[in-house]
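Asks: Next up is a structure, given as structure tokens.
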Amino acid sequence: MSDAHRPYWEVKSLADMSWPEWEALCDGCGQCCRHRLEDADTGAIYPTRVACQLLDTQTCRCKDYPNRRATVPDCIQLTPKKVAEFRWLPDTCAYRRIHDGRGLAEWHPLVSGDPDSVHKAGISVQGQLLSEQELPPGSRLEDYTEEEA
């Protein structure tokens, strides 16, 4: 198949994608919005069961994506360069997969044509996380860690 007939994610590097193409690569798993803790001595990353206050924990989408930095100033901005730097991105992440030359998984919405396929495949954090706004007063993220990633 010629490049003209192949999907853009198979022929373009992450850096060569347009902004709409880049944004469409997001599979909607919600992993980026999960709080993580890093051990300062070992560098080990510990995911928590706590999500950013703007993550809709059922749809795994940001409740206010265009304006998210007004509410969460330290919200990450994923870029092609940062895909390589953010070692905490899961192996299932579309950006990680493309960066690593593995292409998109069959459950990815761009491949399946189904926006819920990421949830049906069990890849997303749908229904697994608490919003940071739901934590009891005085709670610490350390109390909500999972196994080391």
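How things are named: the first chain in the structure tokens is A, the next is B, and so on; residues count from 1 in each chain; ligands count from 1 in the order shown.
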Please identify every residue of stretch 2-32 of chain A that has at least one atom no farther than 9 Å from an atom of stretch 73-79 of chain A, counting only C-alpha atoms, and for each give the shortest atom pair and the distance in Å to one decimal, arranged by chain then increasing number, as CSV.
Replies:
residue,atom,partner,partner_atom,distance
A:Leu14,CA,A:Thr79,CA,8.4
A:Ala15,CA,A:Thr79,CA,8.2
A:Trp22,CA,A:Thr79,CA,8.9
A:Cys32,CA,A:Ile76,CA,8.1
Asks: Could you pull out the strand (DSSP E) residues of stretch 6-137 of chain A from DSSP and send them as a list in words?
Replies: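 In stretch 6-137 of chain A, DSSP puts these residues in strand (DSSP E): Arg34, His35, Arg36, Leu37, Glu38, Ile45, Tyr46, Pro47, Thr48, Arg49, Val50, Ala51, Leu55, Asp56, Arg61, Cys62, Leu130 and Ser131 of chain A.
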Asks: Keeping only C-alpha atoms, write the selected residues as an mmCIF file, in the first residue's frame.
Replies:
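Once everything was written out, this is again10.cif:
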data_model
loop_
_atom_site.group_PDB
_atom_site.id
_atom_site.type_symbol
_atom_site.label_atom_id
_atom_site.label_comp_id
_atom_site.auth_asym_id
_atom_site.auth_seq_id
_atom_site.Cartn_x
_atom_site.Cartn_y
_atom_site.Cartn_z
ATOM 1 C CA ARG A 34 -3.317 9.691 37.193
ATOM 2 C CA HIS A 35 -1.194 11.096 39.998
ATOM 3 C CA ARG A 36 2.171 9.417 40.455
ATOM 4 C CA LEU A 37 4.838 9.656 43.082
ATOM 5 C CA GLU A 38 8.539 9.345 42.405
ATOM 6 C CA ILE A 45 7.536 5.678 39.925
ATOM 7 C CA TYR A 46 4.494 4.719 41.977
ATOM 8 C CA PRO A 47 1.077 5.216 40.383
ATOM 9 C CA THR A 48 -1.745 6.155 42.704
ATOM 10 C CA ARG A 49 -5.462 5.457 42.590
ATOM 11 C CA VAL A 50 -6.050 9.225 42.445
ATOM 12 C CA ALA A 51 -6.846 11.280 39.358
ATOM 13 C CA LEU A 55 -10.497 13.930 34.881
ATOM 14 C CA ASP A 56 -13.968 12.506 34.408
ATOM 15 C CA ARG A 61 -11.562 12.686 29.404
ATOM 16 C CA CYS A 62 -10.638 16.057 30.803
ATOM 17 C CA LEU A 130 -10.822 8.602 42.706
ATOM 18 C CA SER A 131 -10.817 12.271 41.870
#
Asks: Just how far from atom CA of A:Glu23 is atom CA of A:Lys63, in Å to one decimal?
Replies: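 Calculated distance between atom CA of A:Lys63 and atom CA of A:Glu23 is 15.6 Å.
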Asks: One decimal, in Å: what's the spacing between atom CA of A:Leu110 and atom CA of A:Cys26?
Replies: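 Taking atom CA of A:Leu110 and atom CA of A:Cys26, their separation equals 9.3 Å.
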Asks: Would you please work out which residue, of A:Gly28, A:Pro80, A:Pro66, A:Gly43, is nearest to A:Cys93 when using only C-alpha atoms?
Replies: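 Under the stated criterion, the closest residue is A:Gly28.
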Asks: Please identify the alpha helix (DSSP H) residues within stretch 26-136 of chain A (assignment by DSSP from backbone atoms) and present them as a ChimeraX atom specification.
Replies: /A:68-71,80-85,94-99,109-112,117-120
Asks: Would you put the residues from that selection into a file with N, CA and C atoms, as a PDB file, in the first residue's frame?
Replies:
ATOM      1  N   ARG A  68      -7.619  23.810  30.884  1.00  0.00           N
ATOM      2  CA  ARG A  68      -7.161  23.025  32.038  1.00  0.00           C
ATOM      3  C   ARG A  68      -6.073  23.702  32.846  1.00  0.00           C
ATOM      4  N   ARG A  69      -5.212  24.464  32.204  1.00  0.00           N
ATOM      5  CA  ARG A  69      -4.107  25.090  32.935  1.00  0.00           C
ATOM      6  C   ARG A  69      -4.571  26.209  33.865  1.00  0.00           C
ATOM      7  N   ALA A  70      -5.758  26.750  33.629  1.00  0.00           N
ATOM      8  CA  ALA A  70      -6.291  27.770  34.535  1.00  0.00           C
ATOM      9  C   ALA A  70      -6.610  27.144  35.893  1.00  0.00           C
ATOM     10  N   THR A  71      -7.045  25.897  35.883  1.00  0.00           N
ATOM     11  CA  THR A  71      -7.389  25.186  37.122  1.00  0.00           C
ATOM     12  C   THR A  71      -6.206  24.391  37.655  1.00  0.00           C
ATOM     13  N   PRO A  80       6.160  15.594  21.424  1.00  0.00           N
ATOM     14  CA  PRO A  80       7.004  14.505  20.921  1.00  0.00           C
ATOM     15  C   PRO A  80       8.283  14.311  21.744  1.00  0.00           C
ATOM     16  N   LYS A  81       8.917  15.399  22.148  1.00  0.00           N
ATOM     17  CA  LYS A  81      10.139  15.281  22.951  1.00  0.00           C
ATOM     18  C   LYS A  81       9.845  14.660  24.316  1.00  0.00           C
ATOM     19  N   LYS A  82       8.739  15.059  24.924  1.00  0.00           N
ATOM     20  CA  LYS A  82       8.414  14.561  26.256  1.00  0.00           C
ATOM     21  C   LYS A  82       7.987  13.101  26.265  1.00  0.00           C
ATOM     22  N   VAL A  83       7.503  12.599  25.128  1.00  0.00           N
ATOM     23  CA  VAL A  83       7.156  11.169  25.063  1.00  0.00           C
ATOM     24  C   VAL A  83       8.387  10.345  25.418  1.00  0.00           C
ATOM     25  N   ALA A  84       9.528  10.736  24.914  1.00  0.00           N
ATOM     26  CA  ALA A  84      10.769  10.019  25.211  1.00  0.00           C
ATOM     27  C   ALA A  84      11.199  10.223  26.666  1.00  0.00           C
ATOM     28  N   GLU A  85      10.934  11.391  27.219  1.00  0.00           N
ATOM     29  CA  GLU A  85      11.353  11.715  28.585  1.00  0.00           C
ATOM     30  C   GLU A  85      10.441  11.105  29.653  1.00  0.00           C
ATOM     31  N   ALA A  94      -0.694   5.417  23.090  1.00  0.00           N
ATOM     32  CA  ALA A  94      -0.528   5.574  21.644  1.00  0.00           C
ATOM     33  C   ALA A  94       0.719   6.378  21.304  1.00  0.00           C
ATOM     34  N   TYR A  95       0.992   7.427  22.056  1.00  0.00           N
ATOM     35  CA  TYR A  95       2.174   8.235  21.798  1.00  0.00           C
ATOM     36  C   TYR A  95       3.448   7.406  22.012  1.00  0.00           C
ATOM     37  N   ARG A  96       3.468   6.635  23.085  1.00  0.00           N
ATOM     38  CA  ARG A  96       4.611   5.761  23.378  1.00  0.00           C
ATOM     39  C   ARG A  96       4.759   4.722  22.259  1.00  0.00           C
ATOM     40  N   ARG A  97       3.651   4.097  21.860  1.00  0.00           N
ATOM     41  CA  ARG A  97       3.689   3.063  20.823  1.00  0.00           C
ATOM     42  C   ARG A  97       4.237   3.616  19.506  1.00  0.00           C
ATOM     43  N   ILE A  98       3.756   4.787  19.092  1.00  0.00           N
ATOM     44  CA  ILE A  98       4.234   5.381  17.845  1.00  0.00           C
ATOM     45  C   ILE A  98       5.712   5.752  17.982  1.00  0.00           C
ATOM     46  N   HIS A  99       6.072   6.356  19.103  1.00  0.00           N
ATOM     47  CA  HIS A  99       7.468   6.720  19.352  1.00  0.00           C
ATOM     48  C   HIS A  99       8.377   5.499  19.257  1.00  0.00           C
ATOM     49  N   PRO A 109      -9.101   3.658  19.315  1.00  0.00           N
ATOM     50  CA  PRO A 109     -10.271   4.178  18.598  1.00  0.00           C
ATOM     51  C   PRO A 109     -10.026   4.550  17.134  1.00  0.00           C
ATOM     52  N   LEU A 110      -8.825   5.020  16.786  1.00  0.00           N
ATOM     53  CA  LEU A 110      -8.553   5.344  15.387  1.00  0.00           C
ATOM     54  C   LEU A 110      -8.514   4.082  14.518  1.00  0.00           C
ATOM     55  N   VAL A 111      -8.160   2.960  15.119  1.00  0.00           N
ATOM     56  CA  VAL A 111      -8.096   1.694  14.385  1.00  0.00           C
ATOM     57  C   VAL A 111      -9.445   0.993  14.411  1.00  0.00           C
ATOM     58  N   SER A 112     -10.054   0.937  15.593  1.00  0.00           N
ATOM     59  CA  SER A 112     -11.309   0.193  15.768  1.00  0.00           C
ATOM     60  C   SER A 112     -12.529   0.946  15.240  1.00  0.00           C
ATOM     61  N   SER A 117     -13.589   1.583  22.557  1.00  0.00           N
ATOM     62  CA  SER A 117     -12.784   0.356  22.468  1.00  0.00           C
ATOM     63  C   SER A 117     -11.659   0.320  23.494  1.00  0.00           C
ATOM     64  N   VAL A 118     -11.099   1.462  23.856  1.00  0.00           N
ATOM     65  CA  VAL A 118     -10.042   1.508  24.868  1.00  0.00           C
ATOM     66  C   VAL A 118     -10.576   1.045  26.224  1.00  0.00           C
ATOM     67  N   HIS A 119     -11.827   1.368  26.514  1.00  0.00           N
ATOM     68  CA  HIS A 119     -12.444   0.938  27.766  1.00  0.00           C
ATOM     69  C   HIS A 119     -12.805  -0.539  27.700  1.00  0.00           C
ATOM     70  N   LYS A 120     -13.379  -0.949  26.572  1.00  0.00           N
ATOM     71  CA  LYS A 120     -13.779  -2.355  26.398  1.00  0.00           C
ATOM     72  C   LYS A 120     -12.581  -3.294  26.486  1.00  0.00           C
TER      73      LYS A 120
END
Asks: For each of A:Pro90, A:Gly103, A:Cys60, A:Ala44, take the minimum atom-to-atom distance to A:Lys12, counting only C-alpha atoms, then give the residue where this is smallest.
Replies: A:Gly103
Asks: Interatomic distance between atom CA of A:Leu135 and atom CA of A:Cys33?
Replies: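 Taking atom CA of A:Leu135 as the start and atom CA of A:Cys33 as the end point, the length is 15.7 Å.
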Asks: Would you list the contacts of A:Tyr8 as a list of chain:residue names, taking every protein, DNA or RNA residue within 8 Å and counting only C-alpha atoms, but skipping same-chain residues closer than 3 positions in sequence?
Replies: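 Once the nearby chain positions are removed, what remains is A:Val11, A:Lys12, A:Met17, A:Glu21.
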